[in-house]
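Worksheet for the structure shown next.
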Amino acid sequence: MTNFRHVYFYVLGLVALLISHSVSATGVGPMPISLKHLQVPEVPGLLDGAEPIVVNKNAAIALGKALFWDTNVGSDGMACGSCHFHAGADRRVKNQLNPGAKSKSLEEQAFDLSSSNDEMGPNYTLSRRDFPFHRRFNPLSHASPVSFNSDDVVSSSGTFSGEFINTSRTGNANDACDRDADPVFHVNGTNTRRVEPRNTPTVINSVFNHRNFWDGRANNVFNGSSSWGDRDPDAGVWVKINTRNVAKQRLHLINSSLASLAVVPPLSDTEMGCRSRTMMDVGRKLLARRPLENQKVHWNDSVLGGLSFSKPGNLKNGLNTTYSNLIKQSFNNKYWSYTRRGKFGGPSGELPYDQMEANFAMFFGLALQLYQSTLISDESPFDLSARDSSQQPIDLTASERRGLDLFRESECNLCHIGPNFTAAAINSNAELNKAHPEVFGDVAFHMSASKNVVNRILITTSAAFFDSGFASTGVAEENSDVGVGGVDIFGHPLSFSLQYMQHLAGNEEAVVDNVVKLSRACDFQLPLAMNSIPPYLTSLFTPLDGVVPQSTEDCFLPLTHAYLPSPEAAQAELSKTDTVKMVAAVKGAFKIPGLHNVELTGPYMHNGSMATLEEVIEFYTRGGNFHHHAKQIDKVFPLANLQFSEQNRADLVAFLKTLTDDRVKYEKAPFDHPEIKIPHGHVGDNLAVNDGHSLSPNLAQDEFLLIEAVGAEGNMSPLLPFENYLAP
């Protein structure tokens, strides 16, 4: 039935498809189920096989947790946890603005005035009245005039930056850096900490994502050296052959985007490090040190308690081991036991690196991935509720159940699909689809849940390719931030869709992610080619162009979709400037976030432009802020059922709050953590700051947010939504 239904819509053409929203016409769409059903994708070779990389998983998790929270990792006191301390996200409100750096050259970067005409900028304290950053006189209607718009971004402050000089293996853990004047992040010439150009998403449940970062640049394949997977020609790890020989070998660990992500922030001169620092330098600084040497660790920490010096009623700093020892316990000795130096290079005029320092990027990335793989939030009221015969959660209130119905009727579940409420969980969703196909639809309407990293969607002008798990929703203007439509440091497109079109045309040298070649046309949501000539379908390849059949085994729609254009037809179409068949909807598209604990993870969207769930619902009610080419118009459109009913909007928010896990809210295991002292703006305000930082007289003095150590039993006081921390 589904096959003929899609053909029917295509025969009617794009206009009919726009009018007849698929889910609305047939019911309320796919029904999400508990996250307990979703499996973490396996990483072959990491823990299994004759020569596993990690030989002690528990030790590696302890290593990862220590590294995640340790402020010594940064050049000037920033840890990974400094931006992920609040339900895996960041709720700081001072010095958290970036002037929209993704859309402006350095010379053009200037902070906007607030909606109240307040001067914003470095060291500004955000208030409730500053949000949202895009406003209409009627916030529920896209037809209403715009009253305010800013391309500034609410994100996370990080490092002072500067040019890396060297680091010390003992004593002061702040790197020696030449901290020059910052052209953007300063108040009256005194440098402030820099701020990231995108909002900080939660790390909780991120292990399910096929790729990570908003633009997907944390590759699914971890190469042991960088975030770029197989794209990086120089990547590899050093492997001991015998006592006299070591060799650099390629590493290819799939389902490891968290490891790919982990090695980026320590080297970012906005997030954690000084320019030109390497992961080998980070290793040199840390290996001989006690983990968390300046931070209290709870005696009942669910992972680190047994290694801490603390006792009940007496919390102490650090762990009773070194980073070097934890690496030796965790990893196969072929990656660290080579004792000779000289093979791995080294800082000019200093001792050459040893093997453990040379492989520190691999140790760091995989340890953090294993730790973050434990941060799975699957005990929310929604996840724990009993279900009736139609899979409705019966333990929710009447308002919450109505909210779930509205979530489905409003087609929120077409992007936020599956137990983790995101299509970015590609491989996990595909495996779940084998046992629970009902999660992805019914006989009237079904969503494709395959391992395709590319799919087909309807946009304003035609059908188009898009990267699975990414969507363009019109939050900001198209050129404010191109997202997955950008390029990597080698000049290759981040987008799988752009590569896939080259693959269809036979230009295999343009395909830098081999997984792209595995995407099958018969698993697309909308067809690309048909072996017939139906009317009105200018965006479809037909026999007049040249089509070739594909395998139909275990296909989503085998009868209508199992055709591709011939390479010649694809190349000819790709060469046209006005093509409607070879189109990619990737510019301004971002990774679709999961929704667990969304009550606690504001500010929202990739630019942090919304402070509350109510503002998010208003955004989707009016059909987004901006219309542009790549916007997925069959998923983001005005919602009358919300526009004219305050009760419906309240019910939808009530449902979203059922996704909050009390273990996260109260920081119970596995969400407990060591103490961390986080820079939270500077002494003064956005108009004047106190200089004379201990690192350099031209840096502003830090103010700090002290997050106390918490053990497995959690805190008495809950974490609160972002809006609660804003100034009035």
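Following the order of the structure tokens, chains are lettered A, B, ..., residues in each are numbered from 1, and ligands are numbered from 1.
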What's around A:Ser532 at 12 Å? Count only C-alpha atoms, leave out sequence neighbours fewer than 5 positions away in its own chain, and write the answer as a list in words.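 Non-adjacent residues within range: Val7, Val11, Leu537, Leu540, Phe541, Thr542, Pro543, Leu544, Asp545, Gly546, Val547, Val548, Leu559, Thr560, His561 and Tyr563 of chain A.
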List as a PyMOL selection string the protein and nucleic acid residues near A:Pro527, meaning an atom at most 12 Å away when only C-alpha atoms are counted, but skip any in the same chain fewer than 3 places from it. chain A and resi 3+6-7+9-11+448+455-458+463-465+520-524+530-531+537+539-542+556-565+581
With N, CA and C atoms kept, could you save the residues just selected as a short mmCIF file (atom, residue, chain, number, x, y, z; two decimals), in the first residue's frame?
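That gives us again-v5.cif:
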data_model
loop_
_atom_site.label_atom_id
_atom_site.label_comp_id
_atom_site.auth_asym_id
_atom_site.auth_seq_id
_atom_site.Cartn_x
_atom_site.Cartn_y
_atom_site.Cartn_z
N ASN A 3 3.84 1.65 -1.20
CA ASN A 3 4.47 1.86 -2.50
C ASN A 3 3.55 2.65 -3.42
N HIS A 6 3.05 6.41 -2.52
CA HIS A 6 4.09 7.33 -2.95
C HIS A 6 4.02 7.58 -4.46
N VAL A 7 3.76 6.54 -5.22
CA VAL A 7 3.61 6.73 -6.66
C VAL A 7 2.47 7.69 -6.95
N PHE A 9 1.30 10.10 -5.10
CA PHE A 9 1.66 11.48 -4.84
C PHE A 9 2.57 12.03 -5.94
N TYR A 10 3.47 11.20 -6.43
CA TYR A 10 4.35 11.68 -7.48
C TYR A 10 3.61 11.93 -8.77
N VAL A 11 2.67 11.09 -9.06
CA VAL A 11 1.89 11.29 -10.28
C VAL A 11 1.09 12.58 -10.19
N SER A 448 11.41 5.78 5.91
CA SER A 448 12.58 4.96 5.60
C SER A 448 13.56 5.02 6.76
N ASN A 455 19.29 10.70 1.61
CA ASN A 455 17.89 10.41 1.34
C ASN A 455 17.34 11.47 0.40
N ARG A 456 16.04 11.41 0.13
CA ARG A 456 15.39 12.37 -0.76
C ARG A 456 14.26 13.07 -0.01
N ILE A 457 14.12 14.36 -0.25
CA ILE A 457 13.14 15.19 0.45
C ILE A 457 12.53 16.18 -0.53
N LEU A 458 11.39 16.72 -0.18
CA LEU A 458 10.76 17.76 -0.97
C LEU A 458 11.23 19.13 -0.50
N ALA A 463 12.27 17.86 -5.75
CA ALA A 463 12.79 16.90 -4.79
C ALA A 463 14.30 17.06 -4.76
N ALA A 464 14.91 16.76 -3.63
CA ALA A 464 16.35 16.98 -3.50
C ALA A 464 16.96 15.95 -2.58
N PHE A 465 18.26 15.75 -2.73
CA PHE A 465 19.02 14.92 -1.81
C PHE A 465 19.25 15.69 -0.51
N ARG A 520 21.35 3.27 -1.00
CA ARG A 520 20.59 2.61 -2.06
C ARG A 520 19.36 3.44 -2.43
N ALA A 521 19.12 3.55 -3.72
CA ALA A 521 17.97 4.31 -4.20
C ALA A 521 16.66 3.73 -3.69
N CYS A 522 16.59 2.42 -3.54
CA CYS A 522 15.34 1.80 -3.11
C CYS A 522 15.05 2.04 -1.63
N ASP A 523 15.99 2.67 -0.92
CA ASP A 523 15.76 3.04 0.47
C ASP A 523 15.49 4.53 0.63
N PHE A 524 15.39 5.27 -0.48
CA PHE A 524 15.02 6.67 -0.40
C PHE A 524 13.56 6.81 0.00
N MET A 530 12.63 6.23 -12.21
CA MET A 530 11.61 5.21 -12.43
C MET A 530 11.75 4.65 -13.84
N ASN A 531 11.35 3.41 -13.99
CA ASN A 531 11.43 2.78 -15.31
C ASN A 531 10.12 2.98 -16.08
N LEU A 537 6.60 14.89 -13.68
CA LEU A 537 7.71 14.61 -12.77
C LEU A 537 9.04 15.06 -13.35
N SER A 539 11.50 16.28 -11.83
CA SER A 539 12.63 16.03 -10.93
C SER A 539 13.02 14.56 -10.87
N LEU A 540 12.45 13.75 -11.74
CA LEU A 540 12.67 12.30 -11.72
C LEU A 540 13.36 11.86 -13.01
N PHE A 541 14.38 11.01 -12.89
CA PHE A 541 14.99 10.40 -14.07
C PHE A 541 14.07 9.32 -14.62
N THR A 542 13.96 9.25 -15.93
CA THR A 542 13.11 8.27 -16.61
C THR A 542 13.93 7.57 -17.70
N PHE A 556 13.21 -0.54 1.09
CA PHE A 556 12.11 0.22 1.67
C PHE A 556 10.94 0.25 0.68
N LEU A 557 11.20 0.61 -0.56
CA LEU A 557 10.16 0.64 -1.59
C LEU A 557 10.72 0.01 -2.87
N PRO A 558 10.75 -1.30 -2.98
CA PRO A 558 11.42 -1.96 -4.10
C PRO A 558 10.72 -1.78 -5.44
N LEU A 559 9.41 -1.60 -5.45
CA LEU A 559 8.70 -1.56 -6.73
C LEU A 559 8.92 -0.26 -7.48
N THR A 560 9.00 0.85 -6.76
CA THR A 560 9.07 2.14 -7.43
C THR A 560 10.44 2.80 -7.39
N HIS A 561 11.30 2.43 -6.42
CA HIS A 561 12.51 3.20 -6.17
C HIS A 561 13.79 2.53 -6.67
N ALA A 562 13.72 1.31 -7.12
CA ALA A 562 14.95 0.54 -7.36
C ALA A 562 15.58 0.84 -8.72
N TYR A 563 15.71 2.13 -9.01
CA TYR A 563 16.37 2.54 -10.25
C TYR A 563 17.25 3.75 -9.96
N LEU A 564 18.35 3.81 -10.71
CA LEU A 564 19.25 4.95 -10.66
C LEU A 564 19.44 5.50 -12.07
N PRO A 565 19.81 6.77 -12.18
CA PRO A 565 20.20 7.25 -13.50
C PRO A 565 21.51 6.59 -13.93
N LYS A 581 16.87 17.72 -11.01
CA LYS A 581 17.02 16.29 -10.69
C LYS A 581 18.23 16.02 -9.81
#
Identify, with DSSP run on backbone atoms, the residues in stretch 283-452 of chain A assigned to strand (DSSP E), and express the list as a PyMOL selection string. chain A and resi 296-297+316-317
Proximity of stretch 400-517 of chain A to stretch 360-383 of chain A: per-residue shortest pair, 10 Å limit, only C-alpha atoms, as CSV:
residue,atom,partner,partner_atom,distance
A:Glu400,CA,A:Phe382,CA,9.5
A:Arg401,CA,A:Phe382,CA,9.9
A:Leu404,CA,A:Phe382,CA,9.9
A:Pro419,CA,A:Asp383,CA,8.6
A:Asn420,CA,A:Asp378,CA,8.9
One-decimal distance in Å that lies between atom CA of A:Thr612 and atom CA of A:Asp467: 27.8 Å
Every residue of stretch 495-611 of chain A that DSSP places in helix (DSSP H, G or I), as a ChimeraX atom specification: /A:496-504,508-510,514-518,521-523,558-561,567-574,598-600
Could the residues in this selection be written to a file with N, CA and C atoms, as a short mmCIF file (atom, residue, chain, number, x, y, z; two decimals), in the first residue's frame?
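This went into again.cif:
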data_model
loop_
_atom_site.label_atom_id
_atom_site.label_comp_id
_atom_site.auth_asym_id
_atom_site.auth_seq_id
_atom_site.Cartn_x
_atom_site.Cartn_y
_atom_site.Cartn_z
N PHE A 496 27.30 14.44 2.65
CA PHE A 496 27.26 13.17 1.93
C PHE A 496 26.47 13.31 0.63
N SER A 497 25.46 14.17 0.62
CA SER A 497 24.62 14.33 -0.57
C SER A 497 25.43 14.84 -1.76
N LEU A 498 26.27 15.83 -1.53
CA LEU A 498 27.09 16.37 -2.61
C LEU A 498 28.05 15.32 -3.15
N GLN A 499 28.57 14.48 -2.27
CA GLN A 499 29.43 13.38 -2.72
C GLN A 499 28.63 12.34 -3.49
N TYR A 500 27.42 12.06 -3.01
CA TYR A 500 26.60 11.03 -3.65
C TYR A 500 26.27 11.40 -5.09
N MET A 501 26.00 12.65 -5.35
CA MET A 501 25.72 13.06 -6.72
C MET A 501 26.94 12.85 -7.62
N GLN A 502 28.13 13.08 -7.08
CA GLN A 502 29.35 12.80 -7.85
C GLN A 502 29.51 11.30 -8.07
N HIS A 503 29.16 10.52 -7.06
CA HIS A 503 29.19 9.06 -7.20
C HIS A 503 28.25 8.59 -8.31
N LEU A 504 27.05 9.13 -8.37
CA LEU A 504 26.12 8.76 -9.43
C LEU A 504 26.68 9.07 -10.80
N GLU A 508 34.30 9.11 -8.96
CA GLU A 508 34.60 8.47 -7.68
C GLU A 508 35.71 9.16 -6.90
N GLU A 509 36.57 9.91 -7.58
CA GLU A 509 37.63 10.60 -6.85
C GLU A 509 37.07 11.71 -5.96
N ALA A 510 35.83 12.11 -6.19
CA ALA A 510 35.20 13.15 -5.39
C ALA A 510 34.50 12.58 -4.16
N ASN A 514 33.49 6.57 2.11
CA ASN A 514 33.05 5.39 1.36
C ASN A 514 31.63 4.96 1.68
N VAL A 515 31.13 5.33 2.87
CA VAL A 515 29.77 4.94 3.24
C VAL A 515 28.75 5.54 2.28
N VAL A 516 29.11 6.63 1.61
CA VAL A 516 28.21 7.26 0.65
C VAL A 516 27.83 6.28 -0.46
N LYS A 517 28.78 5.47 -0.88
CA LYS A 517 28.54 4.54 -1.99
C LYS A 517 27.57 3.43 -1.62
N LEU A 518 27.32 3.24 -0.33
CA LEU A 518 26.43 2.16 0.10
C LEU A 518 24.97 2.58 0.15
N ALA A 521 19.12 3.55 -3.72
CA ALA A 521 17.97 4.31 -4.20
C ALA A 521 16.66 3.73 -3.69
N CYS A 522 16.59 2.42 -3.54
CA CYS A 522 15.34 1.80 -3.11
C CYS A 522 15.05 2.04 -1.63
N ASP A 523 15.99 2.67 -0.92
CA ASP A 523 15.76 3.04 0.47
C ASP A 523 15.49 4.53 0.63
N PRO A 558 10.75 -1.30 -2.98
CA PRO A 558 11.42 -1.96 -4.10
C PRO A 558 10.72 -1.78 -5.44
N LEU A 559 9.41 -1.60 -5.45
CA LEU A 559 8.70 -1.56 -6.73
C LEU A 559 8.92 -0.26 -7.48
N THR A 560 9.00 0.85 -6.76
CA THR A 560 9.07 2.14 -7.43
C THR A 560 10.44 2.80 -7.39
N HIS A 561 11.30 2.43 -6.42
CA HIS A 561 12.51 3.20 -6.17
C HIS A 561 13.79 2.53 -6.67
N PRO A 567 25.31 6.64 -15.24
CA PRO A 567 26.34 7.66 -14.97
C PRO A 567 26.33 8.78 -15.99
N GLU A 568 26.06 8.43 -17.25
CA GLU A 568 26.03 9.45 -18.29
C GLU A 568 24.89 10.44 -18.07
N ALA A 569 23.72 9.89 -17.70
CA ALA A 569 22.56 10.75 -17.45
C ALA A 569 22.80 11.63 -16.23
N ALA A 570 23.39 11.05 -15.21
CA ALA A 570 23.66 11.83 -14.00
C ALA A 570 24.67 12.94 -14.27
N GLN A 571 25.72 12.62 -15.02
CA GLN A 571 26.73 13.63 -15.34
C GLN A 571 26.15 14.74 -16.19
N ALA A 572 25.32 14.37 -17.16
CA ALA A 572 24.71 15.39 -18.02
C ALA A 572 23.82 16.32 -17.20
N GLU A 573 23.06 15.74 -16.29
CA GLU A 573 22.17 16.55 -15.47
C GLU A 573 22.95 17.40 -14.48
N LEU A 574 24.03 16.84 -13.94
CA LEU A 574 24.85 17.56 -12.97
C LEU A 574 25.51 18.78 -13.61
N VAL A 598 15.34 17.75 27.02
CA VAL A 598 15.32 19.03 26.31
C VAL A 598 14.84 20.16 27.23
N GLU A 599 14.10 19.83 28.26
CA GLU A 599 13.68 20.82 29.26
C GLU A 599 14.87 21.53 29.88
N LEU A 600 16.03 20.84 29.95
CA LEU A 600 17.19 21.34 30.69
C LEU A 600 18.32 21.82 29.80
#
Could you state the separation of atom CA of A:Asn698 and atom CA of A:Val187 in Å, given to one decimal place?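 Between atom CA of A:Asn698 and atom CA of A:Val187 the gap is 10.5 Å.
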When you draw a straight line from atom CA of A:Ile617 to atom CA of A:Cys83, how long is it in Å?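 A separation of 25.4 Å between them.
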Which residue of A:Ser310, A:Asn205, A:Thr167, A:Gln525 approaches A:Phe445 most closely, using only C-alpha atoms: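 Comparing A:Ser310, A:Asn205, A:Thr167, A:Gln525 against A:Phe445, the winner is A:Gln525.
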Quick one: of A:Leu396, A:Leu639, A:Ile426, A:Val73, who's nearest to A:Lys657, counting only C-alpha atoms?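 With only C-alpha atoms as the atom set, the closest residue is A:Leu396.
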For A:Ser116, list every protein, DNA or RNA residue within 8 Å, evaluated using only C-alpha atoms, and leave out those in the same chain fewer than 2 positions away; present the list as a PyMOL selection string. chain A and resi 113-114+118+129-130
Determine the nearest neighbour of A:Arg91 from the options A:Lys635, A:Asp661, A:Pro41, A:Pro603, counting only C-alpha atoms.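 Using only C-alpha atoms, the shortest distance to A:Arg91 belongs to A:Pro603.
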